[in-house]
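Heads up, the thing below is written out as structure tokens.
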Amino acid sequence: MANHKSAAKRARQDEKKRARKLSTKRSVRATEKQVREAIQKKDASAATQALRAFSSGIDKAASKGVFHARTAARKVSRLASQIAKI
């Protein structure tokens, strides 16, 4: 546990930040799952719409520092190439 007032405040801030990041990661993962399910069903239109939502969400998360920018780009690129194969 923190011994100084400033360290205690930092711990509180980190906990809030962690909760925010976790919430964002969960929502991004959920949309990624929707894209993958649409790809598996070979439903190109549903997959494209889901990819659009996923791309938007993961780009916002990357801009906030939840995901690295290159990780976000890689995930979108791989899913887009899978959709193109349908």
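Labels used: A, B, ... for chains in the order of the structure tokens, numbers from 1 for residues in each chain, and numbers from 1 for ligands as shown.
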
Legend entry - Distance query stretch 64-74 of chain A at most 10 Å, only C-alpha atoms, self and fewer than 6 positions along chain excluded, as a ChimeraX atom specification: /A:17-18,20-22,24-25,54-55,57-58,80

Limited to N, CA and C atoms, could you put the picked residues into a file as a PDB file, in the first residue's frame?
ATOM      1  N   LYS A  17      -8.135   4.204 -14.310  1.00  0.00           N
ATOM      2  CA  LYS A  17      -7.652   4.042 -15.680  1.00  0.00           C
ATOM      3  C   LYS A  17      -7.748   2.584 -16.108  1.00  0.00           C
ATOM      4  N   ARG A  18      -7.408   1.675 -15.217  1.00  0.00           N
ATOM      5  CA  ARG A  18      -7.475   0.242 -15.500  1.00  0.00           C
ATOM      6  C   ARG A  18      -8.904  -0.184 -15.801  1.00  0.00           C
ATOM      7  N   ARG A  20     -11.346   1.711 -16.931  1.00  0.00           N
ATOM      8  CA  ARG A  20     -11.733   2.287 -18.219  1.00  0.00           C
ATOM      9  C   ARG A  20     -11.171   1.469 -19.372  1.00  0.00           C
ATOM     10  N   LYS A  21      -9.890   1.124 -19.268  1.00  0.00           N
ATOM     11  CA  LYS A  21      -9.240   0.350 -20.334  1.00  0.00           C
ATOM     12  C   LYS A  21      -9.871  -1.026 -20.461  1.00  0.00           C
ATOM     13  N   LEU A  22     -10.190  -1.649 -19.352  1.00  0.00           N
ATOM     14  CA  LEU A  22     -10.789  -2.982 -19.363  1.00  0.00           C
ATOM     15  C   LEU A  22     -12.143  -2.952 -20.057  1.00  0.00           C
ATOM     16  N   THR A  24     -13.160  -0.799 -22.308  1.00  0.00           N
ATOM     17  CA  THR A  24     -12.930  -0.575 -23.738  1.00  0.00           C
ATOM     18  C   THR A  24     -12.466  -1.852 -24.420  1.00  0.00           C
ATOM     19  N   LYS A  25     -11.542  -2.569 -23.785  1.00  0.00           N
ATOM     20  CA  LYS A  25     -11.039  -3.819 -24.363  1.00  0.00           C
ATOM     21  C   LYS A  25     -12.160  -4.835 -24.533  1.00  0.00           C
ATOM     22  N   PHE A  54     -16.035  -2.480 -35.745  1.00  0.00           N
ATOM     23  CA  PHE A  54     -14.816  -2.916 -35.065  1.00  0.00           C
ATOM     24  C   PHE A  54     -13.668  -1.951 -35.332  1.00  0.00           C
ATOM     25  N   SER A  55     -13.520  -1.551 -36.584  1.00  0.00           N
ATOM     26  CA  SER A  55     -12.442  -0.647 -36.976  1.00  0.00           C
ATOM     27  C   SER A  55     -12.553   0.682 -36.236  1.00  0.00           C
ATOM     28  N   GLY A  57     -14.120   1.265 -33.379  1.00  0.00           N
ATOM     29  CA  GLY A  57     -13.877   1.067 -31.947  1.00  0.00           C
ATOM     30  C   GLY A  57     -12.417   0.864 -31.608  1.00  0.00           C
ATOM     31  N   ILE A  58     -11.728   0.051 -32.393  1.00  0.00           N
ATOM     32  CA  ILE A  58     -10.327  -0.238 -32.073  1.00  0.00           C
ATOM     33  C   ILE A  58      -9.440   0.970 -32.376  1.00  0.00           C
ATOM     34  N   ALA A  80     -10.002  -7.715 -42.538  1.00  0.00           N
ATOM     35  CA  ALA A  80     -10.423  -7.237 -43.858  1.00  0.00           C
ATOM     36  C   ALA A  80      -9.994  -8.206 -44.955  1.00  0.00           C
TER      37      ALA A  80
END

Might you pull out every residue within 12 Å of stretch 26-38 of chain A, with only C-alpha atoms counted and same-chain residues fewer than 4 positions away left off, and present them as an mmCIF file with C-alpha atoms, in the first residue's frame?
data_model
loop_
_atom_site.group_PDB
_atom_site.id
_atom_site.type_symbol
_atom_site.label_atom_id
_atom_site.label_comp_id
_atom_site.auth_asym_id
_atom_site.auth_seq_id
_atom_site.Cartn_x
_atom_site.Cartn_y
_atom_site.Cartn_z
ATOM 1 C CA ALA A 19 -11.264 -0.029 -15.225
ATOM 2 C CA ARG A 20 -11.733 2.287 -18.219
ATOM 3 C CA LYS A 21 -9.240 0.350 -20.334
ATOM 4 C CA LEU A 22 -10.789 -2.982 -19.363
ATOM 5 C CA LYS A 42 -19.583 -16.533 -44.907
ATOM 6 C CA ASP A 43 -21.955 -13.563 -44.639
ATOM 7 C CA ALA A 44 -19.996 -10.819 -46.429
ATOM 8 C CA SER A 45 -22.439 -7.956 -45.858
ATOM 9 C CA ALA A 46 -22.786 -8.612 -42.118
ATOM 10 C CA ALA A 47 -19.028 -9.064 -41.821
ATOM 11 C CA THR A 48 -18.392 -5.765 -43.599
ATOM 12 C CA GLN A 49 -20.774 -3.890 -41.306
ATOM 13 C CA ALA A 50 -19.268 -5.539 -38.227
ATOM 14 C CA LEU A 51 -15.761 -4.723 -39.484
ATOM 15 C CA ARG A 52 -16.724 -1.079 -39.854
ATOM 16 C CA ALA A 53 -17.877 -0.977 -36.215
ATOM 17 C CA PHE A 54 -14.816 -2.916 -35.065
ATOM 18 C CA SER A 55 -12.442 -0.647 -36.976
ATOM 19 C CA SER A 56 -13.991 2.449 -35.474
ATOM 20 C CA GLY A 57 -13.877 1.067 -31.947
ATOM 21 C CA ILE A 58 -10.327 -0.238 -32.073
ATOM 22 C CA ASP A 59 -9.040 2.989 -33.665
ATOM 23 C CA LYS A 60 -10.603 5.003 -30.844
ATOM 24 C CA ALA A 61 -9.069 2.618 -28.315
ATOM 25 C CA ALA A 62 -5.670 2.934 -29.998
ATOM 26 C CA VAL A 66 -5.617 1.026 -24.816
ATOM 27 C CA PHE A 67 -4.117 -0.784 -27.826
ATOM 28 C CA ALA A 72 -5.026 -2.098 -34.079
ATOM 29 C CA LYS A 75 -6.108 -6.688 -36.464
ATOM 30 C CA VAL A 76 -8.232 -4.634 -38.873
ATOM 31 C CA ARG A 78 -6.217 -9.325 -41.083
ATOM 32 C CA LEU A 79 -9.983 -9.286 -40.675
ATOM 33 C CA ALA A 80 -10.423 -7.237 -43.858
ATOM 34 C CA SER A 81 -8.339 -9.704 -45.838
ATOM 35 C CA GLN A 82 -10.431 -12.584 -44.482
ATOM 36 C CA ILE A 83 -13.612 -10.788 -45.536
ATOM 37 C CA ILE A 86 -15.428 -14.607 -48.873
#

Inset, instruction - Find the residue from A:Met1, A:Ile39, A:Gln13, A:Ala8 that sits nearest to A:Ala84; use only C-alpha atoms when measuring. - result: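 Counting only C-alpha atoms, the residue closest to A:Ala84 is A:Ile39.
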